[in-house]
Structures are given as structure tokens and as C-alpha cells.
$ cat my_file-v5.cif   # mmCIF, C-alpha atoms and all ligand atoms
data_coords
#
loop_
_atom_site.group_PDB
_atom_site.id
_atom_site.type_symbol
_atom_site.label_atom_id
_atom_site.label_comp_id
_atom_site.auth_asym_id
_atom_site.auth_seq_id
_atom_site.Cartn_x
_atom_site.Cartn_y
_atom_site.Cartn_z
ATOM 1 C CA MET A 44 -11.724 -34.724 26.442
ATOM 2 C CA LYS A 45 -14.780 -35.307 28.600
ATOM 3 C CA THR A 46 -14.250 -37.524 31.603
ATOM 4 C CA GLU A 47 -16.092 -40.370 29.931
ATOM 5 C CA ILE A 48 -15.456 -41.836 26.490
ATOM 6 C CA ASN A 49 -18.718 -42.785 24.765
ATOM 7 C CA GLY A 50 -20.024 -43.855 21.354
ATOM 8 C CA GLU A 51 -19.787 -40.329 20.004
ATOM 9 C CA THR A 52 -16.267 -39.488 21.170
ATOM 10 C CA GLY A 53 -14.261 -38.130 18.256
ATOM 11 C CA ILE A 54 -10.726 -39.357 17.667
ATOM 12 C CA MET A 55 -7.615 -37.336 16.893
ATOM 13 C CA GLY A 56 -3.997 -38.296 17.296
ATOM 14 C CA ILE A 57 -0.419 -38.292 16.152
ATOM 15 C CA ILE A 58 1.314 -40.662 13.761
ATOM 16 C CA GLY A 59 5.087 -40.980 13.817
ATOM 17 C CA GLY A 60 7.975 -43.390 14.025
ATOM 18 C CA ASN A 61 9.270 -42.559 17.510
ATOM 19 C CA ILE A 62 6.516 -40.988 19.552
ATOM 20 C CA LYS A 63 6.649 -42.641 22.954
ATOM 21 C CA LYS A 64 7.948 -39.359 24.428
ATOM 22 C CA SER A 65 5.691 -37.107 22.354
ATOM 23 C CA LEU A 66 3.992 -34.415 24.426
ATOM 24 C CA SER A 67 1.304 -33.800 21.797
ATOM 25 C CA PRO A 68 -1.216 -36.164 23.466
ATOM 26 C CA PHE A 69 -0.751 -34.272 26.713
ATOM 27 C CA LEU A 70 -1.172 -30.851 25.050
ATOM 28 C CA HIS A 71 -4.209 -31.771 22.972
ATOM 29 C CA ASN A 72 -6.018 -33.685 25.693
ATOM 30 C CA THR A 73 -5.466 -30.723 28.025
ATOM 31 C CA LEU A 74 -7.032 -28.414 25.417
ATOM 32 C CA LEU A 75 -9.917 -30.815 24.700
ATOM 33 C CA LYS A 76 -10.655 -31.035 28.404
ATOM 34 C CA HIS A 77 -10.364 -27.273 28.876
ATOM 35 C CA TYR A 78 -12.981 -26.680 26.165
ATOM 36 C CA SER A 79 -15.140 -29.682 27.264
ATOM 37 C CA LEU A 80 -15.081 -31.319 23.847
ATOM 38 C CA ASN A 81 -16.147 -34.907 23.358
ATOM 39 C CA ASP A 82 -12.928 -35.863 21.579
ATOM 40 C CA CYS A 83 -9.800 -37.728 22.569
ATOM 41 C CA TYR A 84 -6.205 -37.588 21.205
ATOM 42 C CA PHE A 85 -4.140 -40.778 20.905
ATOM 43 C CA SER A 86 -0.688 -41.713 19.656
ATOM 44 C CA PHE A 87 -0.152 -44.121 16.771
ATOM 45 C CA GLN A 88 3.393 -45.358 16.376
ATOM 46 C CA ILE A 89 3.864 -46.827 12.905
ATOM 47 C CA SER A 90 6.634 -47.935 10.557
ATOM 48 C CA ALA A 91 7.293 -46.465 7.093
ATOM 49 C CA VAL A 92 5.567 -49.327 5.268
ATOM 50 C CA GLN A 93 2.419 -48.761 7.311
ATOM 51 C CA LEU A 94 2.130 -45.071 6.415
ATOM 52 C CA PRO A 95 -0.198 -45.361 3.364
ATOM 53 C CA ALA A 96 -2.574 -47.720 5.189
ATOM 54 C CA ALA A 97 -2.492 -45.569 8.344
ATOM 55 C CA ILE A 98 -3.512 -42.458 6.400
ATOM 56 C CA GLU A 99 -6.163 -44.304 4.399
ATOM 57 C CA GLY A 100 -7.378 -45.686 7.731
ATOM 58 C CA LEU A 101 -8.231 -42.163 8.912
ATOM 59 C CA LYS A 102 -11.102 -42.214 6.428
ATOM 60 C CA THR A 103 -12.124 -45.776 7.206
ATOM 61 C CA LEU A 104 -12.253 -45.185 10.955
ATOM 62 C CA ASN A 105 -13.630 -41.651 10.643
ATOM 63 C CA ILE A 106 -10.783 -40.113 12.591
ATOM 64 C CA LYS A 107 -11.139 -36.318 12.744
ATOM 65 C CA GLY A 108 -7.501 -35.533 12.153
ATOM 66 C CA VAL A 109 -3.935 -36.304 13.095
ATOM 67 C CA ASN A 110 -0.562 -34.697 13.501
ATOM 68 C CA VAL A 111 2.233 -36.237 11.477
ATOM 69 C CA THR A 112 5.722 -36.303 12.858
ATOM 70 C CA VAL A 113 9.241 -37.629 12.253
ATOM 71 C CA PRO A 114 9.995 -39.156 9.805
ATOM 72 C CA PHE A 115 6.791 -38.893 7.761
ATOM 73 C CA LYS A 116 6.182 -35.171 7.267
ATOM 74 C CA GLU A 117 7.241 -35.144 3.628
ATOM 75 C CA LYS A 118 6.114 -38.615 2.585
ATOM 76 C CA ALA A 119 2.630 -38.162 4.085
ATOM 77 C CA MET A 120 1.819 -35.465 1.515
ATOM 78 C CA GLU A 121 1.549 -38.121 -1.179
ATOM 79 C CA PHE A 122 -1.571 -39.591 0.407
ATOM 80 C CA ILE A 123 -3.510 -36.377 1.000
ATOM 81 C CA ASP A 124 -6.396 -35.130 -1.168
ATOM 82 C CA LYS A 125 -5.668 -31.403 -0.840
ATOM 83 C CA VAL A 126 -2.545 -29.712 0.514
ATOM 84 C CA GLU A 127 -2.773 -26.095 1.681
ATOM 85 C CA GLU A 128 -0.579 -23.565 -0.169
ATOM 86 C CA SER A 129 2.116 -22.877 2.472
ATOM 87 C CA ALA A 130 2.456 -26.593 3.205
ATOM 88 C CA LEU A 131 2.828 -27.216 -0.511
ATOM 89 C CA LYS A 132 5.644 -24.659 -0.760
ATOM 90 C CA ILE A 133 7.318 -26.012 2.367
ATOM 91 C CA GLY A 134 6.982 -29.533 1.008
ATOM 92 C CA ALA A 135 5.921 -31.061 4.323
ATOM 93 C CA ILE A 136 2.760 -31.452 6.403
ATOM 94 C CA ASN A 137 2.358 -32.006 10.107
ATOM 95 C CA THR A 138 -1.434 -31.807 10.344
ATOM 96 C CA ILE A 139 -4.173 -33.719 8.544
ATOM 97 C CA VAL A 140 -7.816 -32.676 8.755
ATOM 98 C CA HIS A 141 -10.470 -35.217 7.753
ATOM 99 C CA LYS A 142 -13.583 -33.441 6.565
ATOM 100 C CA ASP A 143 -16.407 -34.468 4.241
ATOM 101 C CA LYS A 144 -14.588 -37.702 3.317
ATOM 102 C CA LEU A 145 -11.485 -35.785 2.175
ATOM 103 C CA LEU A 146 -8.048 -35.419 3.787
ATOM 104 C CA TYR A 147 -6.531 -31.920 3.925
ATOM 105 C CA GLY A 148 -2.844 -31.377 4.693
ATOM 106 C CA TYR A 149 -1.447 -28.374 6.566
ATOM 107 C CA ASN A 150 1.842 -27.268 8.023
ATOM 108 C CA THR A 151 1.491 -25.689 11.449
ATOM 109 C CA ASP A 152 5.195 -26.163 12.320
ATOM 110 C CA PHE A 153 6.114 -23.010 10.480
ATOM 111 C CA ILE A 154 3.434 -21.051 12.321
ATOM 112 C CA GLY A 155 4.679 -22.497 15.614
ATOM 113 C CA PHE A 156 8.281 -21.597 14.893
ATOM 114 C CA LYS A 157 7.369 -18.114 13.695
ATOM 115 C CA ARG A 158 5.238 -17.392 16.744
ATOM 116 C CA SER A 159 7.890 -18.708 19.137
ATOM 117 C CA LEU A 160 10.361 -16.192 17.695
ATOM 118 C CA LEU A 161 8.072 -13.230 17.105
ATOM 119 C CA GLU A 162 6.659 -13.370 20.641
ATOM 120 C CA LYS A 163 10.220 -12.600 21.772
ATOM 121 C CA LYS A 164 10.255 -8.964 20.747
ATOM 122 C CA GLU A 165 14.024 -8.628 21.054
ATOM 123 C CA ILE A 166 14.688 -11.119 18.264
ATOM 124 C CA GLU A 167 15.246 -9.633 14.811
ATOM 125 C CA ILE A 168 15.474 -11.883 11.737
ATOM 126 C CA LYS A 169 15.572 -9.368 8.886
ATOM 127 C CA GLY A 170 19.054 -8.959 7.401
ATOM 128 C CA LYS A 171 20.575 -11.618 9.672
ATOM 129 C CA SER A 172 22.203 -14.935 8.840
ATOM 130 C CA ALA A 173 21.627 -18.477 10.060
ATOM 131 C CA VAL A 174 23.250 -21.873 10.143
ATOM 132 C CA VAL A 175 20.658 -24.653 9.942
ATOM 133 C CA MET A 176 21.631 -28.208 10.824
ATOM 134 C CA GLY A 177 19.421 -30.670 8.943
ATOM 135 C CA ALA A 178 17.292 -30.636 5.817
ATOM 136 C CA GLY A 179 14.229 -32.713 6.705
ATOM 137 C CA GLY A 180 10.601 -31.702 6.994
ATOM 138 C CA ALA A 181 11.147 -29.560 10.079
ATOM 139 C CA ALA A 182 14.090 -27.743 8.467
ATOM 140 C CA ARG A 183 11.894 -26.859 5.512
ATOM 141 C CA ALA A 184 9.346 -25.162 7.804
ATOM 142 C CA ILE A 185 12.053 -23.253 9.673
ATOM 143 C CA ILE A 186 13.835 -22.089 6.520
ATOM 144 C CA TYR A 187 10.485 -20.989 5.081
ATOM 145 C CA VAL A 188 9.907 -18.689 8.080
ATOM 146 C CA LEU A 189 13.445 -17.302 8.058
ATOM 147 C CA CYS A 190 13.093 -16.447 4.354
ATOM 148 C CA GLN A 191 9.614 -14.962 4.852
ATOM 149 C CA GLU A 192 10.981 -12.739 7.604
ATOM 150 C CA GLY A 193 13.757 -11.420 5.355
ATOM 151 C CA ILE A 194 16.844 -13.268 6.518
ATOM 152 C CA LYS A 195 19.859 -12.490 4.325
ATOM 153 C CA GLU A 196 21.784 -15.767 4.295
ATOM 154 C CA ILE A 197 21.201 -19.382 5.338
ATOM 155 C CA SER A 198 23.841 -22.138 5.377
ATOM 156 C CA ILE A 199 22.302 -25.602 5.519
ATOM 157 C CA PHE A 200 24.438 -28.522 6.734
ATOM 158 C CA ASN A 201 23.014 -31.981 6.174
ATOM 159 C CA ARG A 202 24.195 -35.580 6.079
ATOM 160 C CA THR A 203 22.358 -36.127 2.792
ATOM 161 C CA LEU A 204 23.448 -33.222 0.636
ATOM 162 C CA ASP A 205 20.818 -33.884 -2.051
ATOM 163 C CA LYS A 206 18.037 -33.054 0.389
ATOM 164 C CA ALA A 207 19.625 -29.703 1.214
ATOM 165 C CA GLY A 208 20.117 -29.115 -2.502
ATOM 166 C CA LYS A 209 16.418 -29.643 -3.132
ATOM 167 C CA ILE A 210 15.547 -27.014 -0.520
ATOM 168 C CA GLU A 211 18.057 -24.584 -2.001
ATOM 169 C CA LYS A 212 16.605 -24.989 -5.482
ATOM 170 C CA GLU A 213 12.928 -24.883 -4.521
ATOM 171 C CA TYR A 214 13.253 -21.973 -2.089
ATOM 172 C CA HIS A 215 15.347 -19.900 -4.440
ATOM 173 C CA ALA A 216 12.275 -19.715 -6.674
ATOM 174 C CA PHE A 217 10.093 -18.359 -3.816
ATOM 175 C CA PHE A 218 12.696 -16.231 -2.040
ATOM 176 C CA PRO A 219 15.304 -15.043 -4.559
ATOM 177 C CA ASP A 220 16.673 -12.407 -2.146
ATOM 178 C CA CYS A 221 17.842 -14.960 0.405
ATOM 179 C CA LEU A 222 21.219 -16.561 -0.252
ATOM 180 C CA ILE A 223 20.970 -20.265 0.591
ATOM 181 C CA ARG A 224 24.165 -22.300 0.627
ATOM 182 C CA ILE A 225 24.428 -26.028 1.256
ATOM 183 C CA PHE A 226 27.170 -28.154 2.798
ATOM 184 C CA PRO A 227 27.605 -31.749 3.866
ATOM 185 C CA MET A 228 27.395 -32.308 7.620
ATOM 186 C CA GLY A 229 30.908 -32.047 9.040
ATOM 187 C CA ASP A 230 32.183 -29.729 6.293
ATOM 188 C CA ARG A 231 35.225 -27.725 7.369
ATOM 189 C CA CYS A 232 33.544 -24.383 6.730
ATOM 190 C CA LEU A 233 31.065 -24.954 9.588
ATOM 191 C CA GLN A 234 33.217 -23.032 12.064
ATOM 192 C CA ASP A 235 33.497 -20.043 9.754
ATOM 193 C CA LYS A 236 29.754 -20.036 9.031
ATOM 194 C CA ILE A 237 28.945 -20.226 12.741
ATOM 195 C CA ASN A 238 31.357 -17.399 13.522
ATOM 196 C CA ARG A 239 29.422 -15.148 11.155
ATOM 197 C CA ALA A 240 25.913 -16.362 12.003
ATOM 198 C CA ASP A 241 23.264 -14.799 14.231
ATOM 199 C CA PHE A 242 21.194 -17.992 14.497
ATOM 200 C CA LEU A 243 22.316 -21.596 14.885
ATOM 201 C CA ILE A 244 19.372 -23.957 14.570
ATOM 202 C CA ASN A 245 19.258 -27.715 15.067
ATOM 203 C CA THR A 246 16.422 -29.332 13.130
ATOM 204 C CA THR A 247 17.934 -32.832 13.114
ATOM 205 C CA SER A 248 16.793 -35.526 15.490
ATOM 206 C CA LEU A 249 20.304 -35.815 16.953
ATOM 207 C CA GLY A 250 19.979 -35.476 20.713
ATOM 208 C CA PHE A 251 16.308 -36.420 20.878
ATOM 209 C CA TYR A 252 15.319 -39.048 23.416
ATOM 210 C CA PRO A 253 16.590 -41.788 23.752
ATOM 211 C CA ASN A 254 19.829 -40.731 21.985
ATOM 212 C CA ILE A 255 20.349 -37.816 24.342
ATOM 213 C CA ASP A 256 24.135 -37.699 24.021
ATOM 214 C CA LEU A 257 24.124 -37.108 20.268
ATOM 215 C CA ASN A 258 24.897 -33.639 18.957
ATOM 216 C CA PRO A 259 24.820 -32.331 15.371
ATOM 217 C CA LEU A 260 27.965 -30.261 16.088
ATOM 218 C CA PRO A 261 31.480 -31.692 16.168
ATOM 219 C CA GLU A 262 33.092 -31.544 19.616
ATOM 220 C CA ASN A 263 35.799 -29.063 18.638
ATOM 221 C CA ILE A 264 33.446 -26.420 17.276
ATOM 222 C CA LEU A 265 33.524 -23.054 19.064
ATOM 223 C CA LEU A 266 30.319 -21.151 19.699
ATOM 224 C CA ASN A 267 30.013 -17.557 20.850
ATOM 225 C CA GLN A 268 27.813 -15.437 23.095
ATOM 226 C CA HIS A 269 26.233 -13.488 20.232
ATOM 227 C CA LEU A 270 24.488 -16.546 18.859
ATOM 228 C CA ILE A 271 20.869 -17.485 19.304
ATOM 229 C CA ALA A 272 20.973 -21.283 19.483
ATOM 230 C CA TYR A 273 17.601 -22.892 18.804
ATOM 231 C CA ASP A 274 17.028 -26.631 19.107
ATOM 232 C CA LEU A 275 13.689 -27.897 17.798
ATOM 233 C CA ILE A 276 13.972 -30.814 20.208
ATOM 234 C CA TYR A 277 11.975 -30.369 23.419
ATOM 235 C CA PHE A 278 12.814 -33.655 25.114
ATOM 236 C CA PRO A 279 15.231 -33.483 26.785
ATOM 237 C CA ALA A 280 14.613 -29.801 27.514
ATOM 238 C CA LYS A 281 18.333 -29.075 27.288
ATOM 239 C CA THR A 282 20.052 -31.156 24.636
ATOM 240 C CA SER A 283 23.796 -31.613 24.380
ATOM 241 C CA PHE A 284 23.666 -29.001 21.549
ATOM 242 C CA LEU A 285 21.938 -26.448 23.820
ATOM 243 C CA ARG A 286 24.251 -27.198 26.725
ATOM 244 C CA GLN A 287 27.244 -26.553 24.480
ATOM 245 C CA ALA A 288 25.707 -23.238 23.343
ATOM 246 C CA GLU A 289 24.801 -22.208 26.877
ATOM 247 C CA LYS A 290 28.334 -22.863 28.017
ATOM 248 C CA ALA A 291 29.561 -20.453 25.341
ATOM 249 C CA GLY A 292 27.171 -17.780 26.658
ATOM 250 C CA ALA A 293 24.720 -17.968 23.735
ATOM 251 C CA LYS A 294 20.988 -17.382 24.134
ATOM 252 C CA ILE A 295 19.277 -20.773 23.994
ATOM 253 C CA ILE A 296 15.738 -21.767 23.001
ATOM 254 C CA ASN A 297 14.330 -25.288 22.931
ATOM 255 C CA GLY A 298 11.418 -26.647 20.907
ATOM 256 C CA GLY A 299 8.835 -26.413 23.720
ATOM 257 C CA GLU A 300 7.176 -23.156 22.711
ATOM 258 C CA MET A 301 7.169 -24.062 19.035
ATOM 259 C CA LEU A 302 5.499 -27.344 19.990
ATOM 260 C CA VAL A 303 2.760 -25.529 21.908
ATOM 261 C CA TYR A 304 2.143 -22.957 19.172
ATOM 262 C CA GLN A 305 1.990 -25.557 16.393
ATOM 263 C CA ALA A 306 -0.363 -27.609 18.584
ATOM 264 C CA VAL A 307 -2.802 -24.735 19.154
ATOM 265 C CA GLU A 308 -2.858 -24.099 15.407
ATOM 266 C CA SER A 309 -3.617 -27.775 14.669
ATOM 267 C CA PHE A 310 -6.250 -27.680 17.410
ATOM 268 C CA TYR A 311 -7.857 -24.703 15.683
ATOM 269 C CA LEU A 312 -7.906 -26.538 12.336
ATOM 270 C CA TRP A 313 -9.747 -29.484 13.904
ATOM 271 C CA THR A 314 -12.111 -27.643 16.254
ATOM 272 C CA ARG A 315 -12.278 -24.024 14.987
ATOM 273 C CA ILE A 316 -11.494 -22.934 18.541
ATOM 274 C CA ARG A 317 -8.574 -20.527 18.988
ATOM 275 C CA PRO A 318 -7.055 -21.200 22.403
ATOM 276 C CA ASP A 319 -6.625 -17.912 24.300
ATOM 277 C CA LYS A 320 -3.346 -16.502 25.612
ATOM 278 C CA GLU A 321 -4.084 -17.631 29.150
ATOM 279 C CA ILE A 322 -4.378 -21.333 28.278
ATOM 280 C CA ILE A 323 -1.364 -21.093 25.945
ATOM 281 C CA ARG A 324 0.721 -19.674 28.793
ATOM 282 C CA GLU A 325 -0.529 -22.458 31.045
ATOM 283 C CA LEU A 326 0.379 -25.096 28.443
ATOM 284 C CA ILE A 327 3.915 -23.741 28.090
ATOM 285 C CA HIS A 328 4.288 -23.743 31.859
ATOM 286 C CA LYS A 329 2.888 -27.286 32.240
ATOM 287 C CA LEU A 330 5.084 -28.529 29.433
ATOM 288 C CA HIS A 331 8.250 -27.230 31.121
ATOM 289 C CA GLU A 332 7.110 -28.781 34.395
ATOM 290 C CA LYS A 333 6.284 -32.131 32.821
ATOM 291 C CA ASN A 334 9.543 -32.152 30.905
ATOM 292 C CA ASN A 335 11.584 -31.479 34.031
ATOM 293 C CA ASN A 336 9.734 -34.138 36.015
ATOM 294 C CA SER A 337 10.139 -36.849 33.407
ATOM 295 C CA GLN A 338 13.832 -36.046 33.066
ATOM 296 C CA LYS A 339 14.250 -36.602 36.793
ATOM 297 C CA THR A 340 12.645 -40.034 36.487
ATOM 298 C CA GLU A 341 14.646 -41.140 33.397
HETATM 299 P P1 LIG B 401 11.808 -33.897 10.511
HETATM 300 O O1 LIG B 401 10.459 -33.980 9.915
HETATM 301 O O2 LIG B 401 11.780 -33.739 11.983
HETATM 302 O O3 LIG B 401 12.692 -32.901 9.866
HETATM 303 P P2 LIG B 401 13.178 -35.884 8.991
HETATM 304 O O4 LIG B 401 12.515 -35.385 7.765
HETATM 305 O O5 LIG B 401 13.298 -37.350 9.180
HETATM 306 O O6 LIG B 401 12.450 -35.345 10.277
HETATM 307 O O7 LIG B 401 14.626 -35.201 9.094
HETATM 308 C C1 LIG B 401 15.504 -35.528 10.092
HETATM 309 C C2 LIG B 401 16.792 -34.728 9.912
HETATM 310 O O8 LIG B 401 17.749 -35.215 10.845
HETATM 311 C C3 LIG B 401 17.434 -34.873 8.541
HETATM 312 O O9 LIG B 401 18.144 -33.705 8.228
HETATM 313 C C4 LIG B 401 18.401 -36.041 8.766
HETATM 314 O O10 LIG B 401 19.496 -36.085 7.868
HETATM 315 P P3 LIG B 401 19.324 -36.848 6.438
HETATM 316 O O11 LIG B 401 18.593 -35.891 5.557
HETATM 317 O O12 LIG B 401 20.701 -37.104 6.010
HETATM 318 O O13 LIG B 401 18.534 -38.092 6.718
HETATM 319 C C5 LIG B 401 18.906 -35.692 10.142
HETATM 320 N N1 LIG B 401 19.438 -36.866 10.816
HETATM 321 C C6 LIG B 401 18.748 -37.867 11.412
HETATM 322 N N2 LIG B 401 19.588 -38.786 11.936
HETATM 323 C C7 LIG B 401 20.845 -38.355 11.657
HETATM 324 C C8 LIG B 401 22.165 -38.844 11.939
HETATM 325 N N3 LIG B 401 22.352 -39.974 12.615
HETATM 326 N N4 LIG B 401 23.214 -38.128 11.515
HETATM 327 C C9 LIG B 401 23.052 -36.970 10.833
HETATM 328 N N5 LIG B 401 21.826 -36.455 10.535
HETATM 329 C C10 LIG B 401 20.747 -37.121 10.942
#
$ encode --input "my_file-v5.cif" --output "C-alpha cells"
Amino acid sequence: MKTEINGETGIMGIIGGNIKKSLSPFLHNTLLKHYSLNDCYFSFQISAVQLPAAIEGLKTLNIKGVNVTVPFKEKAMEFIDKVEESALKIGAINTIVHKDKLLYGYNTDFIGFKRSLLEKKEIEIKGKSAVVMGAGGAARAIIYVLCQEGIKEISIFNRTLDKAGKIEKEYHAFFPDCLIRIFPMGDRCLQDKINRADFLINTTSLGFYPNIDLNPLPENILLNQHLIAYDLIYFPAKTSFLRQAEKAGAKIINGGEMLVYQAVESFYLWTRIRPDKEIIRELIHKLHEKNNNSQKTE
């Protein structure tokens, strides 16, 4: 973003149902400023009934592109002219590019998640097993990466079992070597699955601001120090789920780095600029700082 908005300033943004605490505007406006682009990134909070009109409005108002977030990542695909291949397989988009009067849908969540794990050299996915809480759009991106990287077994626990069942069926066709099992949230076998898992991943919105005391795990569940507990939520930085895992001695990761990596990929799709490692490091650092500060003022 340049210091002054003028008649030629391009518009980007994020559409979602609960985005008052989204850090995407901060990340993108920092990048736009860093690269001196005459664009600005806004947030558009909408309801489900407004989704079709909001997406159609991108064309009407000549908006360059938007991120799409909870709970519209799957539904938004219906209103897009062309969906990129990985996003189509995942069944969810989080980025829309408006170009030559057409809307293109992409999924950069999976790239963000993959990069956040692969940058940590000590983490091995091949041959391991995971418990995934949730079966929404974000879960689809995460499960896609785990399967791509050769995970052996994934147990999905979700409130709506049908949604997990759809993932199981669709992904079996792409990744026949990965054993995907599905269970209703709160199923008794959760403890056993966690005991045998290497990764425990929360993709649900339970624990996200403002419902910071919610946790996808029942209180009596026991975690262990061999687990890698990953919560896609980045605000608060340490959810009740991550605190529980930390207490058990597990390695914990929050959604901050994934957020930054998916943002730089969306930024690239809109601007064709690949942010360098230096600015990415700075963004991750600023994000942690900002997160800590806003938690103190909550
Ligand atoms: P995202 O794109 O972030 O995945 P989503 O598609 O709305 O968002 O998915 C949210 C996930 O959180 C889903 O797994 C949802 O469970 P359902 O499939 O049953 O809707 C889960 N979730 C949200 N609120 C929940 C709650 N109160 N209890 C249990 N699960 C919840």
C-alpha cells in the first residue's frame, strides 16, 4: 500500500463470516507497502446469504482478488469460473484471482501448511499417522498434504460424520495407499487413536477468538510427549488445545506460520511477486508480536 489512496488504487481483501480478528489485512498491507504497490487490502465480513452477491461483486467493482475464509471455503467454489487442479481435488478455495473478467479459484492453505511443516527439517510425515479433528475446508487442505507426503494412516473426527465420509471417499481415489478412517467427534476410540498417532491436528474453529475456552478434545483425554500437536488457529496464539498438549510435553505448533505462508502464496497469485525469505521471517516475527500484544489487551 502506498501512503496515499488514489483513483488507481487496486483493491484486495478477505471475505469471511468472523474476520474481526483476522491478521490477513495486516500481513497483506505490510507486503503491499514493502513492495510499494498501489493496492490496498480490506476485510469484508459477510453472512452466508450474501456470499453469491459478494463474489459476483468482485467483478462489478473490479476487485483484484480476495481470500476466502471460514465458513465459505467450500461453498465459494460454486461461484468461480475456473478452479485450479489442486483446489479442485481438495474441494475448497481460499484465494480468488480476478483477471480478464474471470474469477479463478486457488487453494494456498495446503501450500502454507506444507511449507510450515517442511521448513522444520526434523518433522517427518512419511509412514506416520495422524488424528485430525474437523472435516471442513481447512481439514481438506491439511489431509491433502499429509497424503501427498506419504502419511500411512489418518483418523478424522468430526461432529458431522457425513463430511468426514465425503473426504474419505474422495481422497481414497487420489491416495489409495493412505488409510483414512472416520469417527464422530467424541467417539470412544479417540484415546486409542491419539495414543498411536504422531500428529494431532485441530482444524476446527473450536478455541478461536472469541470462544477461546473451547477445545475439540474432551477434558479426560490423555496426550503424550511424542505427539506433534498442531492447531490451525493463530488467535489466540496458544489455544486451550495447545495448552493441554504443551502440558503433556508434546511439541506444539500454532497456525501463525501457515497463515504467513498461505498469505505469501496468495500475494504471489495477485501480484506475481514472490516475497523473499527476509520479509517472510519479518512477517512471522511481527505476527507473533502483534498476537501477543493483542492478547494482553483482550
Ligand atoms: P474451515 O474452512 O476453517 O475448515 P469450516 O469448513 O466451516 O471451516 O469447518 C469448520 C470445522 O469446525 C468443521 O469440521 C466443523 O464441524 P462440522 O463439519 O460438524 O460443522 C467444526 N466445528 C465448528 N464448530 C463446531 C462445534 N461447535 N463443535 C464441533 N465442531 C465444530
$ closest_atom_pairs --input "my_file-v5.cif" --of "chain A" --to "ligand LIG 401 (chain B)" --cutoff "6 Å" --atoms "all atoms listed in the file" --output "JSON lines"
{"residue": "A:Val113", "atom": "CA", "partner": "B:LIG401", "partner_atom": "O6", "distance": 4.4}
{"residue": "A:Pro114", "atom": "CA", "partner": "B:LIG401", "partner_atom": "O5", "distance": 3.8}
{"residue": "A:Lys116", "atom": "CA", "partner": "B:LIG401", "partner_atom": "O1", "distance": 5.2}
{"residue": "A:Gly177", "atom": "CA", "partner": "B:LIG401", "partner_atom": "O9", "distance": 3.4}
{"residue": "A:Ala178", "atom": "CA", "partner": "B:LIG401", "partner_atom": "O9", "distance": 4.0}
{"residue": "A:Gly179", "atom": "CA", "partner": "B:LIG401", "partner_atom": "O4", "distance": 3.3}
{"residue": "A:Gly180", "atom": "CA", "partner": "B:LIG401", "partner_atom": "O1", "distance": 3.7}
{"residue": "A:Ala181", "atom": "CA", "partner": "B:LIG401", "partner_atom": "O3", "distance": 3.7}
{"residue": "A:Ala182", "atom": "CA", "partner": "B:LIG401", "partner_atom": "O3", "distance": 5.5}
{"residue": "A:Asn201", "atom": "CA", "partner": "B:LIG401", "partner_atom": "O9", "distance": 5.6}
{"residue": "A:Arg202", "atom": "CA", "partner": "B:LIG401", "partner_atom": "O12", "distance": 3.8}
{"residue": "A:Thr203", "atom": "CA", "partner": "B:LIG401", "partner_atom": "O12", "distance": 3.7}
{"residue": "A:Lys206", "atom": "CA", "partner": "B:LIG401", "partner_atom": "O11", "distance": 5.9}
{"residue": "A:Thr247", "atom": "CA", "partner": "B:LIG401", "partner_atom": "O8", "distance": 3.3}
{"residue": "A:Ser248", "atom": "CA", "partner": "B:LIG401", "partner_atom": "O8", "distance": 4.8}
{"residue": "A:Leu249", "atom": "CA", "partner": "B:LIG401", "partner_atom": "N2", "distance": 5.9}
$ axis_aligned_box --input "my_file-v5.cif" --around "range 199-209 of chain A" --padding-each-side "6 Å" --output "lines of an AutoDock Vina configuration file"
center_x = 20.4
center_y = -30.9
center_z = 1.8
size_x = 20.0
size_y = 22.5
size_z = 21.9
$ atom_distance --input "my_file-v5.cif" --atom1 "CA of Asn150 in chain A" --atom2 "CA of Leu285 in chain A"
25.6 Å
$ resolve_selection --input "my_file-v5.cif" --expression "the PyMOL selection byres (((chain A and resi 125) around 10) and not hetatm)" --output "PyMOL selection string"
chain A and resi 120-124+126-128+131+139-140+145-149
$ residues_around --input "my_file-v5.cif" --residues "Ile223 in chain A" --least-positions-apart "5" --cutoff "6 Å" --atoms "all atoms listed in the file" --output "list in words"
Glu196, Ile197, Ser198 and Glu211 of chain A
$ closest_residue --input "my_file-v5.cif" --among "A:Phe217, A:Ile255, A:Lys333, A:Glu262" --to "Gln234 in chain A" --atoms "all atoms listed in the file"
A:Glu262
$ resolve_selection --input "my_file-v5.cif" --expression "the PyMOL selection byres (((chain A and resi 242) around 7) and not hetatm)" --output "mmCIF file with C-alpha atoms, in the frame of the given file"
data_model
loop_
_atom_site.group_PDB
_atom_site.id
_atom_site.type_symbol
_atom_site.label_atom_id
_atom_site.label_comp_id
_atom_site.auth_asym_id
_atom_site.auth_seq_id
_atom_site.Cartn_x
_atom_site.Cartn_y
_atom_site.Cartn_z
ATOM 1 C CA SER A 172 22.203 -14.935 8.840
ATOM 2 C CA ALA A 173 21.627 -18.477 10.060
ATOM 3 C CA VAL A 174 23.250 -21.873 10.143
ATOM 4 C CA ALA A 240 25.913 -16.362 12.003
ATOM 5 C CA ASP A 241 23.264 -14.799 14.231
ATOM 6 C CA LEU A 243 22.316 -21.596 14.885
ATOM 7 C CA ILE A 244 19.372 -23.957 14.570
ATOM 8 C CA LEU A 270 24.488 -16.546 18.859
ATOM 9 C CA ILE A 271 20.869 -17.485 19.304
ATOM 10 C CA ALA A 272 20.973 -21.283 19.483
#
$ atom_distance --input "my_file-v5.cif" --atom1 "CA of Asn105 in chain A" --atom2 "CA of Ala119 in chain A"
17.9 Å
$ resolve_selection --input "my_file-v5.cif" --expression "the PyMOL selection byres (((chain A and resi 305-310) around 10) and not hetatm)" --output "JSON, numbers by chain"
{"A": [55, 66, 67, 68, 70, 71, 74, 75, 108, 109, 110, 137, 138, 139, 140, 149, 150, 151, 152, 153, 154, 155, 156, 157, 158, 159, 300, 301, 302, 303, 304, 311, 312, 313, 314, 315, 316, 317, 318, 319, 322, 323, 326]}
